[in-house]
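Asks: Just passing along the structure, written as structure tokens.
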Amino acid sequence: MTAGVDPSRTPPAEILAVLSLLCPEVACDIEQNWNAAVSDYARHLWRPVARPASGPAIAARSIVREVLHQRLGVIMQPEQIGKALEEFEHRPVVQSGLHCLLLMDRITFDALLLAWLGAVENGLSAFICFMGTTMTMETIGREGPGWLDVGDDKVNLFGMARHKLCRKSACVAGPVALNRRGLEAVGDETDTSRWLGTLLASQDRVFGTAADALTALNEDLVARWDCSGTALPVFIDDRLAAAAMARHLEYEGSLLSRLLFEPARRQRLEHALQEAASSPFGRFLPNSTAYFWGIREERVRKLVLENGRLIEPDRPHGLSVPFERTHLKQGLLDGVLLPNLFLMFLVLAILPRVRVVGGLRQIGYMALFHSILLAGLDENAPDERDLIAELQVRESAWGMRVIDEKISVREQLAGLPERAVFPELLRQYRLRTFAETTDDLRLVREDARWRKLGRAEIKAT
């Protein structure tokens, strides 16, 4: 059974018009699927993507396959790896926008569910989810990777002191173990059967980092919620992007090596970055670091580029890495550096022609990253000219908070079958339309960046 369709119902024209200013492909997705079931929208997002055609794109896709193969080797048997990579070759899609949080976080749970729906509706055995790990263990009061949200309370997930939580980043904080006493204090019999028992089964494990712990625990939770193993989430993070970036820097003649280390090319790229930042769309760009993040003392650090070196501003004894290909490659391999969002999405998505499904800010900055790369390319170089032609088609989509339940995950789970949570939700989201679930794009209407952009467009008109 599919959702009922009201052909007279159409998406708000003013919202589509604003979205089309920056990411018309997203507006098109919404318009095409407005009266479709949410599961149909998810299927649409995981549709096939044209294979890379230019030299730089083919090379970038090969690198993505290699680093994914290494990641899959940790969680799959060889025959499963081959199947998952072949599926990815036809439907290269990554659910992004997720922060490094336990799936008991409502927004994270809802986003993963949409990705699972898309994978199942396309018959995939696995799907890729990117979990950002550069965030600190506590972002604001009792929020972030170090906390478990149980609806009416929050539990210090690893029993780490508050002053440490706000001073350590998820990708390097460790070793960690679960706060068993804190978990046991919040649960009841229903919780134990649906999620708490899964967490407590790992109470004696020690994880290398908080990111490793959250990945492993999320894998365990999904296995409980879908005992048939219909579609397996493959969690990747910034560290996989670092491995991919290091591969790009192995060769002096690679596109990214040319863009970063040939002075005229980097000047052109930096000019494009500055132009994007000063444009009406600049509010979508992250105010982040200079190409790479640094890691020191279990904390991700902002870096600036001065006198040919990446350094921590105002810290004479902080990190200092020569901005040279071999040094940056080694820093990425040694876990001292991580690519910033721009470079990360270049190596994982834009260059290898992978569709990224993310949030309302992400669809904005992905469009800008795409335009920045185009501005930095040289149409007189044959391989780059071919890439320019290929980049005329953008692959980006909205998938964070399309499903946006207002009750906690704990409350959602309480009313669902114990070992078939996701299959039951699939049944439900085959009966609800995209328009209904998004409440006529209420989230877009209320988003500060898109609202401000809309006001500026009206004023200009």
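For the structure tokens, the naming scheme is as follows: chains receive sequential letters (A, B, ...) according to their order of presentation, residues are indexed from 1 within each chain, and ligands are indexed from 1 in presentation order.
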Got a sec: who's within 8 Å of Arg167 in chain A, counting only C-alpha atoms, leaving out chain neighbours fewer than 2 positions off, as a ChimeraX atom specification?
Replies: /A:136-137,163-165,169,298-299
Asks: Write the residues of the selection above to a file with all heavy atoms, as a PDB file, in the first residue's frame.
Replies:
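Saved file result_15.pdb follows:
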ATOM      1  N   THR A 136      33.372  18.324  19.851  1.00  0.00           N
ATOM      2  CA  THR A 136      33.807  17.973  21.201  1.00  0.00           C
ATOM      3  C   THR A 136      32.781  17.057  21.865  1.00  0.00           C
ATOM      4  O   THR A 136      31.620  16.994  21.460  1.00  0.00           O
ATOM      5  CB  THR A 136      34.009  19.231  22.058  1.00  0.00           C
ATOM      6  OG1 THR A 136      32.828  20.033  21.994  1.00  0.00           O
ATOM      7  CG2 THR A 136      35.200  20.033  21.577  1.00  0.00           C
ATOM      8  N   MET A 137      33.215  16.364  22.901  1.00  0.00           N
ATOM      9  CA  MET A 137      32.363  15.392  23.576  1.00  0.00           C
ATOM     10  C   MET A 137      31.135  16.040  24.207  1.00  0.00           C
ATOM     11  O   MET A 137      30.090  15.413  24.331  1.00  0.00           O
ATOM     12  CB  MET A 137      33.165  14.648  24.644  1.00  0.00           C
ATOM     13  CG  MET A 137      34.292  13.797  24.087  1.00  0.00           C
ATOM     14  SD  MET A 137      33.647  12.411  23.145  1.00  0.00           S
ATOM     15  CE  MET A 137      32.972  11.415  24.456  1.00  0.00           C
ATOM     16  N   HIS A 163      34.456  18.741  32.776  1.00  0.00           N
ATOM     17  CA  HIS A 163      35.541  19.593  32.288  1.00  0.00           C
ATOM     18  C   HIS A 163      36.373  18.885  31.230  1.00  0.00           C
ATOM     19  O   HIS A 163      37.025  19.528  30.401  1.00  0.00           O
ATOM     20  CB  HIS A 163      36.436  20.053  33.453  1.00  0.00           C
ATOM     21  CG  HIS A 163      37.298  18.984  34.045  1.00  0.00           C
ATOM     22  ND1 HIS A 163      36.816  18.065  34.959  1.00  0.00           N
ATOM     23  CD2 HIS A 163      38.614  18.675  33.842  1.00  0.00           C
ATOM     24  CE1 HIS A 163      37.791  17.244  35.292  1.00  0.00           C
ATOM     25  NE2 HIS A 163      38.877  17.578  34.635  1.00  0.00           N
ATOM     26  N   LYS A 164      36.342  17.548  31.219  1.00  0.00           N
ATOM     27  CA  LYS A 164      37.035  16.805  30.168  1.00  0.00           C
ATOM     28  C   LYS A 164      36.176  16.697  28.914  1.00  0.00           C
ATOM     29  O   LYS A 164      36.681  16.739  27.797  1.00  0.00           O
ATOM     30  CB  LYS A 164      37.400  15.409  30.672  1.00  0.00           C
ATOM     31  CG  LYS A 164      38.473  15.389  31.734  1.00  0.00           C
ATOM     32  CD  LYS A 164      38.855  13.949  32.110  1.00  0.00           C
ATOM     33  CE  LYS A 164      39.973  13.946  33.141  1.00  0.00           C
ATOM     34  NZ  LYS A 164      40.350  12.559  33.524  1.00  0.00           N
ATOM     35  N   LEU A 165      34.871  16.557  29.100  1.00  0.00           N
ATOM     36  CA  LEU A 165      33.976  16.403  27.960  1.00  0.00           C
ATOM     37  C   LEU A 165      34.076  17.579  26.996  1.00  0.00           C
ATOM     38  O   LEU A 165      34.068  17.398  25.778  1.00  0.00           O
ATOM     39  CB  LEU A 165      32.524  16.267  28.426  1.00  0.00           C
ATOM     40  CG  LEU A 165      32.099  14.923  29.017  1.00  0.00           C
ATOM     41  CD1 LEU A 165      30.691  15.024  29.591  1.00  0.00           C
ATOM     42  CD2 LEU A 165      32.164  13.827  27.959  1.00  0.00           C
ATOM     43  N   SER A 169      37.778  15.906  21.770  1.00  0.00           N
ATOM     44  CA  SER A 169      36.995  15.682  20.552  1.00  0.00           C
ATOM     45  C   SER A 169      36.722  14.195  20.365  1.00  0.00           C
ATOM     46  O   SER A 169      37.557  13.350  20.710  1.00  0.00           O
ATOM     47  CB  SER A 169      37.740  16.227  19.331  1.00  0.00           C
ATOM     48  OG  SER A 169      37.965  17.617  19.470  1.00  0.00           O
ATOM     49  N   GLU A 298      44.210  15.239  22.273  1.00  0.00           N
ATOM     50  CA  GLU A 298      42.830  14.750  22.221  1.00  0.00           C
ATOM     51  C   GLU A 298      41.810  15.828  21.852  1.00  0.00           C
ATOM     52  O   GLU A 298      40.635  15.718  22.168  1.00  0.00           O
ATOM     53  CB  GLU A 298      42.424  14.103  23.554  1.00  0.00           C
ATOM     54  CG  GLU A 298      43.236  12.882  23.916  1.00  0.00           C
ATOM     55  CD  GLU A 298      42.679  12.163  25.116  1.00  0.00           C
ATOM     56  OE1 GLU A 298      41.671  11.469  24.984  1.00  0.00           O
ATOM     57  OE2 GLU A 298      43.259  12.318  26.209  1.00  0.00           O
ATOM     58  N   ARG A 299      42.260  16.846  21.123  1.00  0.00           N
ATOM     59  CA  ARG A 299      41.365  17.941  20.743  1.00  0.00           C
ATOM     60  C   ARG A 299      41.633  18.355  19.302  1.00  0.00           C
ATOM     61  O   ARG A 299      42.782  18.449  18.876  1.00  0.00           O
ATOM     62  CB  ARG A 299      41.560  19.143  21.683  1.00  0.00           C
ATOM     63  CG  ARG A 299      40.707  20.364  21.346  1.00  0.00           C
ATOM     64  CD  ARG A 299      39.254  20.158  21.726  1.00  0.00           C
ATOM     65  NE  ARG A 299      38.449  21.321  21.399  1.00  0.00           N
ATOM     66  CZ  ARG A 299      38.186  22.320  22.257  1.00  0.00           C
ATOM     67  NH1 ARG A 299      38.696  22.286  23.477  1.00  0.00           N
ATOM     68  NH2 ARG A 299      37.425  23.329  21.904  1.00  0.00           N
TER      69      ARG A 299
END
Asks: Excluding Ile295 in chain A and its own-chain neighbours fewer than 3 positions away, which residues fall within 10 Å of it when counting only C-alpha atoms? Please give them as an NGL selection string.
Replies: :A and (134 or 169 or 171-172 or 292 or 298-303 or 318-319 or 331 or 335-338)
Asks: List the neighbours of Gly308 in chain A out to 7 Å using only C-alpha atoms; skip same-chain residues closer than 2 positions along the sequence, and give me the result as a PDB file with all heavy atoms, in the first residue's frame.
Replies:
ATOM      1  N   LEU A 305      47.093  29.262   7.797  1.00  0.00           N
ATOM      2  CA  LEU A 305      48.256  29.098   6.924  1.00  0.00           C
ATOM      3  C   LEU A 305      49.064  30.385   6.942  1.00  0.00           C
ATOM      4  O   LEU A 305      48.596  31.428   6.482  1.00  0.00           O
ATOM      5  CB  LEU A 305      47.782  28.758   5.506  1.00  0.00           C
ATOM      6  CG  LEU A 305      48.859  28.534   4.441  1.00  0.00           C
ATOM      7  CD1 LEU A 305      49.848  27.450   4.865  1.00  0.00           C
ATOM      8  CD2 LEU A 305      48.204  28.178   3.107  1.00  0.00           C
ATOM      9  N   GLU A 306      50.272  30.313   7.510  1.00  0.00           N
ATOM     10  CA  GLU A 306      51.150  31.481   7.605  1.00  0.00           C
ATOM     11  C   GLU A 306      52.575  31.076   7.254  1.00  0.00           C
ATOM     12  O   GLU A 306      53.092  30.077   7.784  1.00  0.00           O
ATOM     13  CB  GLU A 306      51.129  32.084   9.020  1.00  0.00           C
ATOM     14  CG  GLU A 306      49.847  32.797   9.374  1.00  0.00           C
ATOM     15  CD  GLU A 306      49.927  33.478  10.739  1.00  0.00           C
ATOM     16  OE1 GLU A 306      51.036  33.453  11.347  1.00  0.00           O
ATOM     17  OE2 GLU A 306      48.908  34.020  11.189  1.00  0.00           O
ATOM     18  N   PRO A 322      54.551  21.954   7.921  1.00  0.00           N
ATOM     19  CA  PRO A 322      54.838  22.581   6.629  1.00  0.00           C
ATOM     20  C   PRO A 322      53.720  22.295   5.624  1.00  0.00           C
ATOM     21  O   PRO A 322      53.264  21.156   5.516  1.00  0.00           O
ATOM     22  CB  PRO A 322      56.152  21.924   6.189  1.00  0.00           C
ATOM     23  CG  PRO A 322      56.781  21.432   7.460  1.00  0.00           C
ATOM     24  CD  PRO A 322      55.635  21.036   8.337  1.00  0.00           C
ATOM     25  N   PHE A 323      53.303  23.341   4.900  1.00  0.00           N
ATOM     26  CA  PHE A 323      52.248  23.170   3.893  1.00  0.00           C
ATOM     27  C   PHE A 323      52.896  22.645   2.619  1.00  0.00           C
ATOM     28  O   PHE A 323      53.012  23.338   1.601  1.00  0.00           O
ATOM     29  CB  PHE A 323      51.508  24.481   3.647  1.00  0.00           C
ATOM     30  CG  PHE A 323      50.168  24.293   2.987  1.00  0.00           C
ATOM     31  CD1 PHE A 323      49.056  23.945   3.735  1.00  0.00           C
ATOM     32  CD2 PHE A 323      50.018  24.468   1.617  1.00  0.00           C
ATOM     33  CE1 PHE A 323      47.815  23.768   3.128  1.00  0.00           C
ATOM     34  CE2 PHE A 323      48.777  24.300   1.002  1.00  0.00           C
ATOM     35  CZ  PHE A 323      47.681  23.938   1.756  1.00  0.00           C
TER      36      PHE A 323
END
Asks: Which residue out of A:Arg9, A:Ile403, A:Trp398, A:Gly146 has the minimum interatomic distance to Ser39 in chain A when only C-alpha atoms are used?
Replies: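 When distances to Ser39 in chain A are compared using only C-alpha atoms, the smallest one comes from A:Ile403.
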Asks: Could the residues of range 30-121 of chain A that have an atom at most 9 Å from range 220-243 of chain A be listed as a Markdown table, each with its closest atom pair and the distance in Å to one decimal, counting only C-alpha atoms and ordered by chain and ascending residue number?
Replies:
| residue | atom | partner | partner_atom | distance |
| --- | --- | --- | --- | --- |
| A:Val64 | CA | A:Ala241 | CA | 8.8 |
| A:Val67 | CA | A:Leu240 | CA | 6.7 |
| A:Leu68 | CA | A:Leu240 | CA | 8.0 |
| A:Arg71 | CA | A:Ile236 | CA | 7.7 |
| A:Leu72 | CA | A:Val234 | CA | 7.5 |
| A:Ile75 | CA | A:Val234 | CA | 8.4 |
| A:Cys100 | CA | A:Asp237 | CA | 8.5 |
| A:Leu103 | CA | A:Leu221 | CA | 7.8 |
| A:Leu112 | CA | A:Pro233 | CA | 8.4 |
| A:Ala115 | CA | A:Pro233 | CA | 8.6 |
| A:Trp116 | CA | A:Ala231 | CA | 6.7 |
| A:Leu117 | CA | A:Ala231 | CA | 9.0 |
| A:Ala119 | CA | A:Ala231 | CA | 6.4 |
| A:Val120 | CA | A:Ala231 | CA | 6.2 |
Asks: Between A:Asp386, A:Ala349, A:Arg442, A:Pro280, which is the closest to Leu21 in chain A once you count only C-alpha atoms?
Replies: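 Comparing A:Asp386, A:Ala349, A:Arg442, A:Pro280 against Leu21 in chain A, the winner is A:Pro280.
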Asks: Could you check the closest approach to Leu217 in chain A for each of A:Ile311, A:Leu102, A:Ala173, A:Ala381 and tell me which residue wins, using only C-alpha atoms?
Replies: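 That would be A:Leu102, the residue with the smallest distance to Leu217 in chain A.
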Asks: Run DSSP on the backbone and tell me which residues of range 24-261 of chain A come out as alpha helix (DSSP H); list them as number ranges by chain.
Replies: A: 24-33, 38-45, 55-75, 78-90, 106-121, 162-165, 180-186, 189-191, 197-200, 210-225, 238-248, 255-261
Asks: Nearest to Trp34 in chain A among A:Arg194, A:Glu436, A:Asp149, A:Tyr251, with distances taken over only C-alpha atoms: which residue is it?
Replies: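 That would be A:Glu436, the residue with the smallest distance to Trp34 in chain A.
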Asks: Just the residues within 12 Å of His69 in chain A, please, counting only C-alpha atoms, with nothing from its chain fewer than 5 positions along; format it as a list of chain:residue names.
Replies: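 Answer for this query is A:Ser62, A:Ile63, A:Val64, A:Val74, A:Ile75, A:Met76, A:Gln77, A:Pro78, A:Glu79, A:Gln80, A:Ile81, A:Gly82, A:Lys83, A:Ala84, A:Leu85, A:Glu86, A:Phe88, A:Val234, A:Ile236, A:Leu240, A:Ala244.
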Asks: Could the residues in this selection be saved with N, CA and C atoms as a compact mmCIF listing (two decimals), in the first residue's frame?
Replies:
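Below is the file that was written, out-v6.txt:
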# COMPACT_ATOMS: atom_id res chain seq x y z
N SER A 62 38.15 5.66 -7.71
CA SER A 62 39.00 4.51 -7.38
C SER A 62 39.52 4.62 -5.95
N ILE A 63 39.89 5.82 -5.55
CA ILE A 63 40.38 6.02 -4.18
C ILE A 63 39.27 5.76 -3.17
N VAL A 64 38.07 6.26 -3.44
CA VAL A 64 36.94 6.02 -2.54
C VAL A 64 36.68 4.52 -2.40
N VAL A 74 36.44 -4.70 7.82
CA VAL A 74 36.34 -4.82 9.28
C VAL A 74 35.00 -5.43 9.70
N ILE A 75 33.96 -5.25 8.88
CA ILE A 75 32.61 -5.63 9.31
C ILE A 75 31.93 -6.66 8.40
N MET A 76 32.58 -7.04 7.29
CA MET A 76 31.93 -7.93 6.33
C MET A 76 32.83 -9.07 5.91
N GLN A 77 32.20 -10.12 5.40
CA GLN A 77 32.90 -11.21 4.76
C GLN A 77 33.26 -10.80 3.32
N PRO A 78 34.30 -11.44 2.73
CA PRO A 78 34.74 -11.03 1.39
C PRO A 78 33.63 -10.98 0.35
N GLU A 79 32.73 -11.98 0.33
CA GLU A 79 31.67 -11.97 -0.67
C GLU A 79 30.69 -10.82 -0.45
N GLN A 80 30.48 -10.45 0.81
CA GLN A 80 29.62 -9.31 1.11
C GLN A 80 30.26 -8.00 0.66
N ILE A 81 31.58 -7.92 0.81
CA ILE A 81 32.30 -6.71 0.42
C ILE A 81 32.13 -6.46 -1.08
N GLY A 82 32.32 -7.51 -1.86
CA GLY A 82 32.19 -7.37 -3.31
C GLY A 82 30.81 -6.90 -3.72
N LYS A 83 29.78 -7.46 -3.07
CA LYS A 83 28.41 -7.08 -3.39
C LYS A 83 28.15 -5.62 -3.01
N ALA A 84 28.60 -5.21 -1.83
CA ALA A 84 28.37 -3.84 -1.37
C ALA A 84 29.07 -2.83 -2.27
N LEU A 85 30.30 -3.13 -2.69
CA LEU A 85 31.03 -2.21 -3.56
C LEU A 85 30.40 -2.13 -4.94
N GLU A 86 29.88 -3.25 -5.44
CA GLU A 86 29.21 -3.22 -6.74
C GLU A 86 27.93 -2.39 -6.67
N PHE A 88 27.45 0.07 -4.60
CA PHE A 88 27.90 1.45 -4.46
C PHE A 88 28.32 2.03 -5.81
N VAL A 234 26.91 1.25 7.02
CA VAL A 234 28.37 1.26 7.11
C VAL A 234 28.76 2.67 7.55
N ILE A 236 31.15 5.60 8.37
CA ILE A 236 32.48 6.13 8.11
C ILE A 236 32.59 7.50 8.76
N LEU A 240 38.34 8.28 7.66
CA LEU A 240 38.34 7.68 6.33
C LEU A 240 38.59 8.75 5.28
N ALA A 244 41.57 8.95 2.42
CA ALA A 244 41.35 9.24 1.00
C ALA A 244 42.18 10.46 0.57
Asks: In terms of the shortest atom-to-atom distance over only C-alpha atoms, which of A:Ile107, A:Leu98, A:Val176, A:Ala375 is closest to Ser408 in chain A?
Replies: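 Of A:Ile107, A:Leu98, A:Val176, A:Ala375, the one nearest Ser408 in chain A, counting only C-alpha atoms, is A:Ile107.
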Asks: Let me make sure I understand: among A:Thr289, A:Ser96, A:Asn380, A:Gln274, which one has the smallest atom-to-atom distance to Val354 in chain A if we use only C-alpha atoms?
Replies: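 Nearest candidate to Val354 in chain A out of A:Thr289, A:Ser96, A:Asn380, A:Gln274: A:Ser96.
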